[in-house]
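Source file: query31.pdb; contents: PDB, C-alpha atoms.
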ATOM      1  CA  MET A  14      -9.101  -2.810  50.133
ATOM      2  CA  THR A  15      -5.755  -1.223  50.822
ATOM      3  CA  TYR A  16      -3.073  -0.850  53.443
ATOM      4  CA  VAL A  17      -3.384   1.849  56.107
ATOM      5  CA  ILE A  18      -0.795   3.617  58.234
ATOM      6  CA  ALA A  19      -2.009   4.144  61.803
ATOM      7  CA  GLN A  20      -1.047   6.114  64.915
ATOM      8  CA  PRO A  21       2.322   4.466  65.692
ATOM      9  CA  CYS A  22       3.783   6.280  62.646
ATOM     10  CA  VAL A  23       2.845   9.757  63.892
ATOM     11  CA  ASP A  24       5.982  11.785  64.640
ATOM     12  CA  VAL A  25       8.181   8.755  63.798
ATOM     13  CA  MET A  26       8.042   8.463  59.987
ATOM     14  CA  ASP A  27      10.859   5.917  59.617
ATOM     15  CA  ARG A  28      10.333   5.750  55.813
ATOM     16  CA  SER A  29      11.471   2.111  55.442
ATOM     17  CA  CYS A  30       8.079   1.476  53.875
ATOM     18  CA  VAL A  31       8.665   4.189  51.274
ATOM     19  CA  GLU A  32      11.851   2.461  50.153
ATOM     20  CA  GLU A  33      10.047  -0.905  49.800
ATOM     21  CA  CYS A  34       6.939   0.322  47.983
ATOM     22  CA  PRO A  35       7.173  -0.750  44.318
ATOM     23  CA  VAL A  36       4.485   1.711  43.145
ATOM     24  CA  ASP A  37       5.521   4.864  45.070
ATOM     25  CA  CYS A  38       2.126   5.251  46.770
ATOM     26  CA  ILE A  39       3.327   6.235  50.256
ATOM     27  CA  TYR A  40       3.228  10.012  50.692
ATOM     28  CA  GLU A  41       4.912  12.065  53.400
ATOM     29  CA  GLY A  42       2.851  14.536  55.382
ATOM     30  CA  GLY A  43       4.068  16.827  58.120
ATOM     31  CA  ARG A  44       3.845  14.286  60.956
ATOM     32  CA  ALA A  45       2.908  10.964  59.339
ATOM     33  CA  LEU A  46       3.075   8.897  56.183
ATOM     34  CA  TYR A  47      -0.039   8.092  54.153
ATOM     35  CA  ILE A  48      -0.809   5.300  51.685
ATOM     36  CA  HIS A  49      -2.851   6.407  48.691
ATOM     37  CA  PRO A  50      -5.855   4.039  48.652
ATOM     38  CA  ASP A  51      -6.254   4.179  44.857
ATOM     39  CA  GLU A  52      -2.559   3.813  44.020
ATOM     40  CA  CYS A  53      -1.772   0.967  46.450
ATOM     41  CA  VAL A  54      -1.646  -2.421  44.703
ATOM     42  CA  ASP A  55      -1.973  -4.393  47.962
ATOM     43  CA  CYS A  56       1.408  -6.087  47.566
ATOM     44  CA  GLY A  57       2.153  -5.884  51.296
ATOM     45  CA  ALA A  58       5.841  -5.020  50.883
ATOM     46  CA  CYS A  59       5.516  -2.078  53.266
ATOM     47  CA  GLU A  60       4.031  -3.913  56.233
ATOM     48  CA  PRO A  61       6.921  -6.148  57.393
ATOM     49  CA  VAL A  62       9.565  -3.397  57.167
ATOM     50  CA  CYS A  63       7.754  -0.918  59.422
ATOM     51  CA  PRO A  64       9.791  -0.787  62.661
ATOM     52  CA  VAL A  65       6.862   0.557  64.714
ATOM     53  CA  GLU A  66       4.239  -1.821  63.243
ATOM     54  CA  ALA A  67       2.035   1.023  62.053
ATOM     55  CA  ILE A  68       0.981  -0.506  58.710
ATOM     56  CA  PHE A  69      -1.997  -2.839  58.466
ATOM     57  CA  TYR A  70      -4.098  -4.377  55.743
ATOM     58  CA  GLU A  71      -7.413  -2.540  56.053
ATOM     59  CA  ASP A  72      -9.303  -5.678  57.185
ATOM     60  CA  ASP A  73      -6.661  -6.368  59.858
ATOM     61  CA  LEU A  74      -6.521  -2.854  61.333
ATOM     62  CA  PRO A  75      -7.061  -2.979  65.113
ATOM     63  CA  GLU A  76     -10.398  -1.446  66.122
ATOM     64  CA  GLU A  77      -8.673   1.293  68.121
ATOM     65  CA  TRP A  78      -7.124   2.603  64.895
ATOM     66  CA  ALA A  79     -10.171   2.201  62.619
ATOM     67  CA  PRO A  80     -10.502   6.003  62.219
ATOM     68  CA  TYR A  81      -7.182   5.970  60.347
ATOM     69  CA  ILE A  82      -8.890   4.358  57.334
ATOM     70  CA  ASN A  83     -10.811   7.565  56.661
ATOM     71  CA  ASP A  84      -8.037   9.850  57.863
ATOM     72  CA  ASN A  85      -5.586   8.209  55.470
ATOM     73  CA  ALA A  86      -8.020   8.763  52.568
ATOM     74  CA  ASP A  87      -8.757  12.336  53.713
ATOM     75  CA  PHE A  88      -5.097  13.224  53.178
ATOM     76  CA  PHE A  89      -5.776  12.854  49.445
ATOM     77  CA  THR A  90      -9.409  13.957  49.166
ATOM     78  CA  GLU A  91      -9.702  16.937  51.535
ATOM     79  CA  THR A  92      -8.231  20.422  51.240
ATOM     80  CA  LEU A  93      -5.810  20.553  54.149
ATOM     81  CA  ALA A  94      -3.777  23.372  55.699
ATOM     82  CA  ASP A  95      -1.098  24.750  53.355
ATOM     83  CA  ARG A  96      -2.869  23.291  50.302
ATOM     84  CA  GLU A  97      -5.172  25.125  47.935
ATOM     85  CA  ALA A  98      -6.949  21.992  46.692
ATOM     86  CA  PRO A  99      -7.143  18.264  47.468
ATOM     87  CA  LEU A 100      -4.046  16.298  46.496
ATOM     88  CA  GLY A 101      -6.067  13.800  44.472
ATOM     89  CA  SER A 102      -4.104  11.050  42.762
ATOM     90  CA  PRO A 103      -0.809  12.530  41.591
ATOM     91  CA  GLY A 104       0.544   9.139  40.527
ATOM     92  CA  GLY A 105       3.604   8.929  42.726
ATOM     93  CA  ALA A 106       4.976  10.418  45.911
ATOM     94  CA  MET A 107       8.611  10.911  44.912
ATOM     95  CA  LYS A 108       7.919  13.751  42.505
ATOM     96  CA  LEU A 109       5.995  15.683  45.177
ATOM     97  CA  GLY A 110       8.303  15.241  48.138
ATOM     98  CA  ALA A 111       7.123  16.055  51.650
ATOM     99  CA  ILE A 112       3.796  17.834  51.963
ATOM    100  CA  PRO A 113       3.649  20.192  54.964
ATOM    101  CA  ALA A 114       0.140  19.132  56.016
ATOM    102  CA  ASP A 115      -1.614  16.243  57.697
ATOM    103  CA  ALA A 116      -5.056  14.693  57.631
ATOM    104  CA  PRO A 117      -7.423  15.961  60.357
ATOM    105  CA  LEU A 118      -6.991  13.112  62.868
ATOM    106  CA  VAL A 119      -3.189  13.179  62.725
ATOM    107  CA  ALA A 120      -3.130  16.984  62.825
ATOM    108  CA  SER A 121      -5.272  16.972  65.986
ATOM    109  CA  LEU A 122      -2.973  14.655  67.945
ATOM    110  CA  PRO A 123      -0.565  16.006  70.556
ATOM    111  CA  PRO A 124       3.118  15.336  69.872
ATOM    112  CA  GLN A 125       3.836  11.617  70.171
ATOM    113  CA  GLN A 126       6.717  10.427  72.287
ATOM    114  CA  ALA A 127       8.863   7.477  71.292
ATOM    115  CA  ASP A 128       8.656   4.441  73.541
ATOM    116  CA  GLY A 129      11.715   3.581  75.535
TER     117      GLY A 129
END
Render the structure in this file as structure tokens.
Amino acid sequence: MTYVIAQPCVDVMDRSCVEECPVDCIYEGGRALYIHPDECVDCGACEPVCPVEAIFYEDDLPEEWAPYINDNADFFTETLADREAPLGSPGGAMKLGAIPADAPLVASLPPQQADG
């Protein structure tokens, strides 16, 4: 099991979770952040600092956002636009910086508007 970032993060990407993550497993895509399922140690430090409540433990993910489990993993296992090969497990997001691509579900979404 792992933590998953769902739809509320799309086009927001606050990055508070990145600062809290002790193992540097939260990667930045073009429109969303992604937690590497093999690098996450399930500490939960990211969840309470997310201002848009987009991070969930996989078992607690609301049904409406269940597709984000696979989409989050696809960011690392699929060859996405602007990438020649799958990202795999690079062992830390900081050394890579932002990756100008998104997993298929996130990439297919229309621009998200902030509430308020």
Residues selected by the PyMOL selection byres ((chain A and resi 111) around 10), written as a ChimeraX atom specification:
/A:40-43,46,106-110,112-114
CA of Val36 (chain A) and CA of Ala94 (chain A) are how many Å apart?
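We find that CA of Val36 (chain A) and CA of Ala94 (chain A) lie 26.4 Å from each other.
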Rank A:Met14, A:Val23, A:Cys34, A:Ala98 by their smallest atom-to-atom distance to Pro61 (chain A), using only C-alpha atoms, and report the top residue only.
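Going through A:Met14, A:Val23, A:Cys34, A:Ala98 one by one, the smallest distance to Pro61 (chain A) is for A:Cys34.
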What is the distance between CA of Gly101 (chain A) and CA of Glu77 (chain A), in Å to one decimal?
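So the answer is 26.9 Å.
Comparing the minimum interatomic distances between Gln20 (chain A) and each of A:Gly104, A:Pro123, A:Pro99, A:Pro35, counting only C-alpha atoms, we find that A:Pro123 sits nearest.
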Tell me which protein, DNA and RNA residues are within 10 Å of Glu66 (chain A), counting all atoms listed in the file, leaving out same-chain ones fewer than 6 positions away, and put them as a CSV table (one decimal) with C-alpha atoms, in the frame of the given file.
chain,number,residue,atom,x,y,z
A,18,ILE,CA,-0.8,3.6,58.2
A,19,ALA,CA,-2.0,4.1,61.8
A,20,GLN,CA,-1.0,6.1,64.9
A,21,PRO,CA,2.3,4.5,65.7
A,22,CYS,CA,3.8,6.3,62.6
A,60,GLU,CA,4.0,-3.9,56.2
Here's a test: counting only C-alpha atoms, identify every protein, DNA and RNA residue with an atom at most 7 Å from (0.2, 7.5, 43.5) in the file's coordinate frame, and state them as a count of residues only.
9
For this file, the PyMOL selection byres ((chain A and resi 16) around 10) selects which residues, as a list in words?
Met14, Thr15, Val17, Ile18, Ala19, Tyr47, Ile48, His49, Pro50, Cys53, Val54, Asp55, Cys56, Gly57, Cys59, Glu60, Ile68, Phe69, Tyr70, Glu71, Asp72, Asp73, Leu74, Ile82 and Asn85 of chain A
